[in-house]
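Student: Below is the file structure-v5.txt, with compact mmCIF, C-alpha atoms.
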# COMPACT_ATOMS: atom_id res chain seq x y z
CA MET A 3 6.98 6.95 -5.92
CA ASN A 4 8.55 9.06 -3.19
CA ASN A 5 11.75 8.02 -1.47
CA ILE A 6 13.51 9.06 1.72
CA ARG A 7 17.02 10.36 2.28
CA GLN A 8 18.47 11.12 5.69
CA HIS A 9 21.11 13.78 6.32
CA VAL A 10 24.35 12.22 7.46
CA THR A 11 25.25 13.13 11.01
CA SER A 12 27.42 11.53 13.67
CA ASP A 13 24.30 10.75 15.70
CA PRO A 14 21.87 8.32 14.04
CA GLN A 15 19.02 9.59 16.21
CA ILE A 16 19.55 13.11 14.89
CA ALA A 17 19.92 11.77 11.40
CA ARG A 18 16.51 10.13 11.61
CA SER A 19 14.92 13.46 12.51
CA LYS A 20 16.09 15.18 9.33
CA HIS A 21 14.28 13.38 6.58
CA ILE A 22 13.87 15.08 3.23
CA GLU A 23 11.72 12.35 1.70
CA TYR A 24 14.23 10.50 -0.41
CA PHE A 25 15.88 7.05 -0.13
CA GLY A 26 18.70 7.28 -2.64
CA GLY A 27 19.65 3.65 -2.21
CA PHE A 28 16.30 2.51 -3.55
CA ASP A 29 17.04 4.21 -6.88
CA TYR A 30 20.10 2.00 -7.34
CA LEU A 31 18.07 -1.10 -6.46
CA ARG A 32 15.24 -0.27 -8.83
CA VAL A 33 17.53 0.31 -11.80
CA CYS A 34 19.75 -2.69 -11.05
CA PHE A 35 16.96 -5.22 -10.57
CA ALA A 36 14.71 -3.90 -13.33
CA THR A 37 17.66 -4.54 -15.63
CA ALA A 38 18.19 -7.98 -14.07
CA ILE A 39 14.54 -8.97 -14.62
CA VAL A 40 14.71 -8.00 -18.29
CA ALA A 41 17.95 -10.01 -18.55
CA TRP A 42 16.16 -13.04 -17.06
CA HIS A 43 13.24 -12.85 -19.47
CA VAL A 44 15.45 -12.59 -22.59
CA LYS A 45 17.91 -15.21 -21.19
CA LEU A 46 20.82 -12.78 -21.53
CA PHE A 47 23.28 -15.05 -19.74
CA GLY A 48 22.47 -18.13 -21.76
CA PRO A 49 19.81 -20.83 -22.00
CA VAL A 50 18.10 -22.26 -18.95
CA SER A 51 18.67 -25.91 -18.11
CA ILE A 52 16.37 -26.13 -15.09
CA PHE A 53 13.43 -27.04 -17.31
CA GLN A 54 15.08 -30.32 -18.25
CA ALA A 55 13.61 -33.38 -16.55
CA ASP A 56 16.99 -35.12 -16.38
CA LEU A 57 18.88 -32.16 -14.92
CA VAL A 58 21.65 -33.34 -12.58
CA ARG A 59 22.91 -29.97 -11.38
CA PRO A 60 22.07 -26.36 -12.21
CA SER A 61 24.23 -24.41 -14.64
CA LEU A 62 25.80 -21.03 -13.92
CA PRO A 63 23.00 -19.20 -15.83
CA ASP A 64 20.42 -21.11 -13.73
CA ILE A 65 22.07 -19.84 -10.55
CA ILE A 66 22.27 -16.26 -11.85
CA TYR A 67 18.62 -16.28 -12.89
CA PHE A 68 17.14 -18.01 -9.84
CA ASN A 69 19.40 -16.68 -7.09
CA LEU A 70 20.05 -13.16 -8.32
CA CYS A 71 17.62 -11.97 -11.00
CA LEU A 72 14.50 -13.40 -9.33
CA VAL A 73 15.25 -11.48 -6.14
CA GLY A 74 14.13 -8.38 -8.03
CA VAL A 75 10.36 -8.92 -7.92
CA PRO A 76 10.13 -9.57 -4.13
CA LEU A 77 12.49 -6.64 -3.60
CA PHE A 78 10.18 -4.36 -5.60
CA PHE A 79 7.29 -5.50 -3.41
CA GLN A 80 9.34 -4.86 -0.28
CA ILE A 81 10.39 -1.37 -1.32
CA SER A 82 6.83 -0.41 -2.28
CA ILE A 83 5.32 -1.70 0.98
CA PHE A 84 8.13 -0.19 3.09
CA LEU A 85 7.55 3.24 1.56
CA TYR A 86 3.78 2.91 1.90
CA ILE A 87 4.04 2.15 5.62
CA PHE A 88 6.66 4.83 6.16
CA PHE A 89 4.49 7.53 4.60
CA ARG A 90 1.20 6.27 6.00
CA GLU A 91 1.41 8.29 9.22
CA LYS A 92 2.17 11.47 7.31
CA LYS A 93 -0.57 11.02 4.72
CA PRO A 94 -4.02 10.26 6.17
CA ASN A 95 -5.57 9.65 2.74
CA TYR A 96 -2.59 7.75 1.38
CA PHE A 97 -4.41 4.41 1.06
CA VAL A 98 -7.15 5.75 -1.20
CA ARG A 99 -4.72 7.76 -3.31
CA ARG A 100 -2.26 4.91 -3.72
CA MET A 101 -4.91 2.34 -4.57
CA ARG A 102 -6.56 4.67 -7.05
CA GLN A 103 -3.22 5.28 -8.75
CA LEU A 104 -2.39 1.57 -9.01
CA LEU A 105 -5.89 0.65 -10.15
CA LEU A 106 -5.90 3.24 -12.95
CA VAL A 107 -2.52 2.03 -14.23
CA TYR A 108 -3.65 -1.59 -13.95
CA LEU A 109 -6.90 -1.04 -15.86
CA PHE A 110 -5.15 1.02 -18.53
CA LEU A 111 -2.63 -1.76 -19.14
CA ILE A 112 -5.34 -4.42 -19.09
CA VAL A 113 -6.93 -2.58 -22.02
CA ILE A 114 -3.54 -2.58 -23.76
CA ASP A 115 -3.27 -6.30 -23.06
CA ARG A 116 -6.66 -6.92 -24.66
CA ILE A 117 -5.66 -4.95 -27.73
CA ILE A 118 -2.24 -6.59 -28.14
CA ASN A 119 -3.62 -10.08 -27.59
CA LYS A 120 -6.80 -9.58 -29.58
CA GLY A 121 -6.30 -12.93 -31.25
CA HIS A 122 -6.64 -14.71 -27.89
CA ILE A 123 -9.64 -12.88 -26.47
CA GLY A 124 -11.81 -15.96 -26.79
CA SER A 125 -9.67 -17.81 -24.25
CA SER A 126 -9.47 -14.93 -21.80
CA ARG A 127 -12.90 -14.19 -20.39
CA LEU A 128 -13.25 -11.03 -18.35
CA THR A 129 -15.45 -12.97 -15.92
CA ASP A 130 -12.61 -15.39 -15.18
CA PRO A 131 -10.87 -14.46 -11.86
CA ALA A 132 -7.62 -15.93 -13.18
CA TYR A 133 -7.56 -13.31 -15.93
CA TRP A 134 -7.46 -10.49 -13.37
CA MET A 135 -5.12 -12.27 -10.96
CA LEU A 136 -2.62 -12.92 -13.73
CA GLY A 137 -3.00 -9.40 -15.09
CA GLY A 138 -4.15 -10.33 -18.54
CA ILE A 139 -3.06 -13.00 -20.98
CA ASP A 140 0.69 -12.72 -21.23
CA SER A 141 2.07 -9.94 -19.05
CA ASP A 142 3.61 -8.97 -15.73
CA LEU A 143 0.49 -7.10 -14.62
CA TRP A 144 0.01 -9.69 -11.88
CA PHE A 145 2.56 -7.60 -9.96
CA LEU A 146 0.14 -4.66 -9.77
CA PHE A 147 -2.75 -6.91 -8.77
CA SER A 148 -0.70 -8.47 -5.95
CA LEU A 149 0.66 -5.10 -4.86
CA MET A 150 -2.88 -3.76 -4.42
CA ILE A 151 -3.76 -6.79 -2.28
CA LEU A 152 -0.62 -6.43 -0.17
CA ILE A 153 -1.18 -2.71 0.38
CA ALA A 154 -4.75 -3.47 1.47
CA VAL A 155 -3.32 -5.97 3.98
CA ALA A 156 -0.80 -3.37 5.13
CA GLU A 157 -3.60 -0.87 5.66
CA LEU A 158 -5.51 -3.40 7.77
CA VAL A 159 -2.40 -4.08 9.86
CA TYR A 160 -1.85 -0.34 10.22
CA TRP A 161 -5.39 -0.05 11.60
CA VAL A 162 -4.47 -2.68 14.20
CA LYS A 163 -1.24 -0.79 14.97
CA ASN A 164 -3.16 2.28 16.05
CA ARG A 165 -5.04 0.20 18.61
CA MET A 166 -2.14 -1.64 20.22
CA ASP A 167 0.83 -0.90 22.43
CA THR A 168 3.96 -0.36 20.30
CA MET A 169 5.98 -3.28 21.65
CA ARG A 170 3.05 -5.69 21.55
CA PHE A 171 2.38 -4.69 17.97
CA LEU A 172 6.06 -5.24 17.09
CA TRP A 173 6.00 -8.74 18.59
CA LEU A 174 2.77 -9.42 16.70
CA GLN A 175 4.60 -8.58 13.46
CA PHE A 176 7.36 -11.03 14.29
CA VAL A 177 4.76 -13.74 14.93
CA LEU A 178 2.83 -13.00 11.73
CA PHE A 179 6.10 -12.88 9.81
CA ALA A 180 7.01 -16.36 11.09
CA ILE A 181 3.54 -17.75 10.33
CA SER A 182 3.57 -16.38 6.79
CA ILE A 183 7.00 -17.90 6.17
CA SER A 184 5.66 -21.29 7.27
CA LEU A 185 3.39 -21.20 4.20
CA TYR A 186 6.52 -21.66 2.08
CA PHE A 187 7.12 -25.07 3.63
CA LEU A 188 3.44 -26.00 3.44
CA LYS A 189 2.96 -24.94 -0.18
CA ILE A 190 3.15 -28.42 -1.70
CA PRO A 191 1.69 -30.41 1.27
CA LEU A 192 -1.37 -28.13 1.35
CA LEU A 193 -2.32 -29.23 -2.16
CA SER A 194 -3.95 -32.36 -0.77
CA TYR A 195 -6.35 -30.18 1.25
CA ILE A 196 -7.15 -27.69 -1.50
CA PRO A 197 -9.81 -28.47 -4.14
CA LYS A 198 -8.15 -29.34 -7.44
CA ARG A 199 -9.72 -26.43 -9.27
CA TYR A 200 -7.73 -24.07 -7.01
CA HIS A 201 -4.37 -25.85 -7.33
CA VAL A 202 -3.20 -23.60 -10.13
CA TYR A 203 -3.72 -20.50 -7.98
CA HIS A 204 -1.87 -22.01 -5.03
CA ILE A 205 1.27 -23.18 -6.82
CA LYS A 206 1.43 -20.39 -9.38
CA PHE A 207 4.46 -18.12 -8.97
CA THR A 208 2.00 -15.21 -8.99
CA ASN A 209 0.39 -16.38 -5.73
CA THR A 210 0.09 -13.25 -3.58
CA LEU A 211 0.53 -15.32 -0.40
CA ASP A 212 4.17 -15.87 -1.36
CA PHE A 213 4.79 -12.16 -0.75
CA LEU A 214 2.80 -11.81 2.48
CA PRO A 215 5.93 -11.97 4.72
CA TYR A 216 7.13 -8.71 3.19
CA VAL A 217 4.17 -6.81 4.67
CA PHE A 218 5.03 -7.78 8.24
CA LEU A 219 8.75 -7.40 7.58
CA ALA A 220 8.14 -3.85 6.38
CA PHE A 221 6.45 -2.89 9.67
CA ILE A 222 9.41 -4.34 11.58
CA VAL A 223 12.02 -2.54 9.49
CA VAL A 224 10.13 0.78 9.57
CA HIS A 225 9.95 0.54 13.39
CA TYR A 226 13.69 0.04 13.79
CA TYR A 227 14.51 2.57 11.10
CA LYS A 228 12.48 5.32 12.76
CA ASN A 229 14.09 4.51 16.09
CA GLY A 230 17.59 4.97 14.70
CA LYS A 231 18.57 1.30 14.89
CA ILE A 232 19.27 0.89 11.17
CA SER A 233 22.47 2.83 10.66
CA HIS A 234 26.00 2.07 9.48
CA HIS A 235 27.10 3.21 12.95
CA ASN A 236 25.39 0.16 14.44
CA GLN A 237 28.04 -2.58 14.65
CA ARG A 238 25.45 -5.19 15.62
CA LEU A 239 23.51 -4.44 12.49
CA ARG A 240 26.63 -4.78 10.36
CA ASN A 241 27.39 -8.15 11.93
CA PHE A 242 23.76 -9.17 11.38
CA ILE A 243 23.99 -8.28 7.68
CA ILE A 244 27.16 -10.35 7.31
CA SER A 245 25.39 -13.28 8.98
CA MET A 246 22.39 -12.85 6.70
CA PHE A 247 24.61 -12.86 3.62
CA ILE A 248 26.22 -16.13 4.74
CA ALA A 249 22.75 -17.55 5.41
CA TYR A 250 21.67 -16.46 1.93
CA VAL A 251 24.53 -18.36 0.30
CA LEU A 252 23.99 -21.48 2.42
CA THR A 253 20.21 -21.60 1.92
CA SER A 254 20.62 -21.04 -1.82
CA ILE A 255 22.96 -24.02 -2.04
CA SER A 256 20.73 -26.19 0.13
CA GLU A 257 17.66 -25.39 -1.97
CA TRP A 258 19.34 -26.64 -5.11
CA ILE A 259 20.47 -29.80 -3.33
CA LEU A 260 17.42 -30.61 -1.21
CA SER A 261 14.43 -29.32 -3.22
CA PRO A 262 11.95 -32.14 -3.93
CA ARG A 263 12.40 -31.86 -7.68
CA ASN A 264 9.97 -34.60 -8.66
CA ALA A 265 7.23 -33.51 -6.23
CA ILE A 266 7.23 -29.94 -7.43
CA SER A 267 7.68 -30.85 -11.09
CA ALA A 268 4.48 -32.90 -10.89
CA TYR A 269 2.55 -29.68 -10.32
CA TYR A 270 4.44 -27.46 -12.75
CA ASN A 271 4.02 -28.05 -16.45
CA CYS A 272 7.33 -26.30 -17.03
CA MET A 273 9.00 -28.59 -14.48
CA LEU A 274 10.62 -25.96 -12.27
CA PRO A 275 12.95 -27.71 -9.84
CA ILE A 276 12.43 -25.07 -7.15
CA LEU A 277 9.68 -22.58 -6.43
CA PRO A 278 10.58 -19.15 -7.85
CA TYR A 279 9.55 -16.84 -5.00
CA ALA A 280 8.43 -19.03 -2.09
CA ARG A 281 12.02 -19.63 -1.03
CA ILE A 282 13.81 -18.79 2.18
CA SER A 283 16.94 -17.79 0.27
CA VAL A 284 14.99 -15.13 -1.67
CA LEU A 285 13.50 -13.74 1.55
CA ILE A 286 16.93 -13.62 3.23
CA GLY A 287 18.39 -11.97 0.14
CA VAL A 288 15.70 -9.27 0.18
CA ILE A 289 16.24 -8.56 3.89
CA THR A 290 20.00 -8.29 3.41
CA ILE A 291 19.79 -5.99 0.40
CA LEU A 292 17.11 -3.80 1.98
CA LEU A 293 19.15 -3.22 5.14
CA ILE A 294 22.31 -2.45 3.20
CA PHE A 295 20.59 0.20 1.11
CA ILE A 296 18.74 1.99 3.91
CA MET A 297 21.48 1.94 6.56
CA ARG A 298 23.34 4.90 5.08
CA ASP A 299 22.77 7.91 2.85
CA TYR A 300 23.11 7.39 -0.89
CA SER A 301 23.28 10.15 -3.48
CA PRO A 302 22.81 8.54 -6.90
CA PRO A 303 23.72 10.50 -10.02
CA ARG A 304 20.92 12.15 -11.92
CA ILE A 305 20.79 9.47 -14.61
CA ILE A 306 20.13 6.79 -11.96
CA SER A 307 17.45 8.90 -10.24
CA GLU A 308 15.68 9.58 -13.54
CA CYS A 309 15.85 5.96 -14.66
CA ALA A 310 14.52 4.83 -11.29
CA LYS A 311 11.30 6.74 -11.97
CA LEU A 312 10.74 4.56 -15.02
CA THR A 313 11.44 1.14 -13.52
CA LEU A 314 7.84 0.15 -12.77
CA GLY A 315 6.93 0.87 -16.37
CA ILE A 316 10.01 -0.96 -17.64
CA TYR A 317 9.11 -3.98 -15.54
CA ILE A 318 5.50 -4.09 -16.75
CA ILE A 319 5.99 -3.11 -20.39
CA HIS A 320 9.10 -5.11 -21.22
CA TYR A 321 7.19 -8.38 -20.93
CA PHE A 322 4.68 -7.27 -23.55
CA ILE A 323 7.65 -6.65 -25.85
CA VAL A 324 9.35 -9.95 -25.01
CA SER A 325 6.12 -11.85 -25.65
CA HIS A 326 5.72 -10.26 -29.09
CA PHE A 327 9.39 -9.75 -29.93
CA ASP A 328 9.28 -11.48 -33.33
CA GLU A 329 6.13 -9.66 -34.41
CA ILE A 330 7.61 -6.27 -33.47
CA PHE A 331 11.22 -6.46 -34.63
CA ARG A 332 11.57 -9.07 -37.37
CA PRO A 333 9.72 -6.95 -39.98
CA LEU A 334 12.06 -4.08 -39.13
CA LEU A 335 15.39 -5.86 -39.02
CA ASP A 336 14.99 -8.74 -41.46
CA HIS A 337 15.70 -12.39 -40.63
CA SER A 338 19.36 -11.85 -39.83
CA MET A 339 21.64 -13.63 -37.35
CA VAL A 340 21.24 -10.65 -35.03
CA PHE A 341 18.29 -12.36 -33.37
CA GLN A 342 20.52 -15.19 -32.21
CA ILE A 343 22.54 -12.80 -30.05
CA PRO A 344 20.90 -12.43 -26.58
CA LEU A 345 22.59 -9.07 -25.98
CA ILE A 346 20.90 -7.60 -29.05
CA GLU A 347 17.49 -8.82 -27.91
CA PHE A 348 18.16 -7.48 -24.41
CA LEU A 349 19.10 -4.02 -25.69
CA LEU A 350 16.12 -3.86 -28.04
CA VAL A 351 13.68 -4.87 -25.30
CA PHE A 352 15.22 -2.66 -22.61
CA ILE A 353 15.57 0.48 -24.74
CA SER A 354 12.07 0.06 -26.18
CA SER A 355 10.65 -0.32 -22.67
CA VAL A 356 12.43 2.83 -21.51
CA ILE A 357 11.17 4.86 -24.46
CA ILE A 358 7.55 3.68 -24.14
CA THR A 359 7.55 4.19 -20.36
CA TYR A 360 9.03 7.66 -20.72
CA CYS A 361 6.38 8.66 -23.25
CA LEU A 362 3.53 7.29 -21.12
CA LYS A 363 4.84 8.92 -17.95
CA TYR A 364 5.80 12.34 -19.18
CA GLU A 365 2.97 12.68 -21.66
CA ARG A 366 0.72 11.88 -18.66
CA VAL A 367 -1.13 9.10 -20.47
CA VAL A 368 -1.49 7.35 -17.11
Let me see whether you can do it: turn the structure in this file into structure tokens.

Tutor:
Amino acid sequence: MNNIRQHVTSDPQIARSKHIEYFGGFDYLRVCFATAIVAWHVKLFGPVSIFQADLVRPSLPDIIYFNLCLVGVPLFFQISIFLYIFFREKKPNYFVRRMRQLLLVYLFLIVIDRIINKGHIGSSRLTDPAYWMLGGIDSDLWFLFSLMILIAVAELVYWVKNRMDTMRFLWLQFVLFAISISLYFLKIPLLSYIPKRYHVYHIKFTNTLDFLPYVFLAFIVVHYYKNGKISHHNQRLRNFIISMFIAYVLTSISEWILSPRNAISAYYNCMLPILPYARISVLIGVITILLIFIMRDYSPPRIISECAKLTLGIYIIHYFIVSHFDEIFRPLLDHSMVFQIPLIEFLLVFISSVIITYCLKYERVV
């Protein structure tokens, strides 16, 4: 995926005119949060207590997982949509090319999913919409499915953009952004108006609607970025980022205190006390991080840049490995105490994901 880097100049307007198609800051974000997501799935920082029905207060690992690690997935969506919108004007056929690329990868990994989970094929009908929405039986392929939907929405909005005055279109994005956020607050109340057979799609953490605000946010950020408003020279922006960080901390605390634990737990078999992605704190966190990492030029070392190219594969493939960890590694390493050390499991999963992704990417399998 292409990035954008701006040349550093004393004038942000001049800086914005000297793009060389590389956002160095995004490389840091990809590597950091891909690592964080793997850490969450292997419970690197300790066991999770939020699944307990009698939980009084969250533990430190709960806070790390839900308020830091889980920011990664929405941030990946935001980066992907931001770059798509940014490049859309320069690449007339970008929509078809991007969708074809994502679809090929998705279908290839669906086949892998069918092979790996061959023992569960009977319970995973190809005619079941849920199978495609969830990206298989036990995987993170739902990310690719949702990304294709969100890019299709972005393309539709881009079509509207070309037929509207710039400022009117910008205000429309603010309105749509606000409306889409309101769905977060209506997520549980809307269940009474939705047929029961669709409840699972609505409350599932893979619900694409939870990520809809990031489409409209991307158009807003791209507008201000191209007009030189997002720069470390902009004191107002720096003050805004500080305010957003404070808001992130306060909303995170309030969510743990005020979330209707019993109401949400009634709809989640795993009894999550708060919704994973449909949270204001997550949205604020994504906005804050995005602005910080596009407001100035970043020049990551080569190892970061190279690893960043593998992060989508790491994110998708690591979950296959986590789901079949015992089957893959126990025959190789015996039944030793090593499997009781989360760091060992993390390293095995992460390194294996890197190796497999590297082979698939550079051997041009997909």

Student: Using only C-alpha atoms for the distances, tell me which of A:Trp161, A:Tyr30, A:Tyr67, A:Trp173 is nearest to Val44 of chain A.

Tutor: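 Closest to Val44 of chain A, using only C-alpha atoms: A:Tyr67.
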
Student: Restricting the calculation to only C-alpha atoms, which member of A:Phe322, A:Val351, A:Gln175, A:Phe88 is positioned closest to Leu111 of chain A?

Tutor: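 Closest candidate: A:Phe322.
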
Student: Excluding Tyr317 of chain A and its own-chain neighbours fewer than 3 positions away, which residues fall within 9 Å of it when counting all atoms listed in the file? Please give them as a count of residues only.

Tutor: 11

Student: How many Å lie between atom CA of Leu77 of chain A and atom CA of Leu292 of chain A, rounded to one decimal?

Tutor: 7.8 Å

Student: Pick the closest to Ile323 of chain A from A:Phe207, A:Leu219, A:Leu350, A:Phe78: which is it, counting all atoms listed in the file?

Tutor: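 Smallest distance to Ile323 of chain A is found for A:Leu350.
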
Student: For a test of reading the model, state the distance in Å between atom CA of Trp144 of chain A and atom CA of Ala41 of chain A, rounded to one decimal.

Tutor: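 Atom CA of Ala41 of chain A lies 19.1 Å from atom CA of Trp144 of chain A.
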
Student: In Å to one decimal, how far is atom CA of Phe145 of chain A from atom CA of Leu260 of chain A?

Tutor: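 We find that atom CA of Leu260 of chain A and atom CA of Phe145 of chain A lie 28.8 Å from each other.
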
Student: As a ChimeraX atom specification, please: the residues near segment 212-215 of chain A (cut-off 8 Å, all atoms listed in the file, same-chain neighbours under 5 positions excluded).

Tutor: /A:76,79,152,178-180,182-183,185-186,207,279-280

Student: Which one of A:Val324, A:Phe295, A:Tyr364, A:Glu91 sits closest to Leu349 of chain A if you count all atoms listed in the file?

Tutor: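 Of the candidates, the smallest distance to Leu349 of chain A is held by A:Val324.
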
Student: Give the answer as one residue: which of A:Asn236, A:His225, A:Glu157, A:Phe327 has the shortest atom-to-atom distance to His43 of chain A, using all atoms listed in the file?

Tutor: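 Closest residue, counting all atoms listed in the file: A:Phe327.
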
Student: Could you check the closest approach to Leu149 of chain A for each of A:Leu239, A:Leu192, A:Ile83, A:Leu172 and tell me which residue wins, using all atoms listed in the file?

Tutor: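 When distances to Leu149 of chain A are compared using all atoms listed in the file, the smallest one comes from A:Ile83.
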
Student: Can you pull out the residues contacting Phe68 of chain A? Cut-off 9 Å, using only C-alpha atoms, and skip same-chain residues under 3 positions away; I want them as a ChimeraX atom specification.

Tutor: /A:42,63-65,71-73,276,278,284
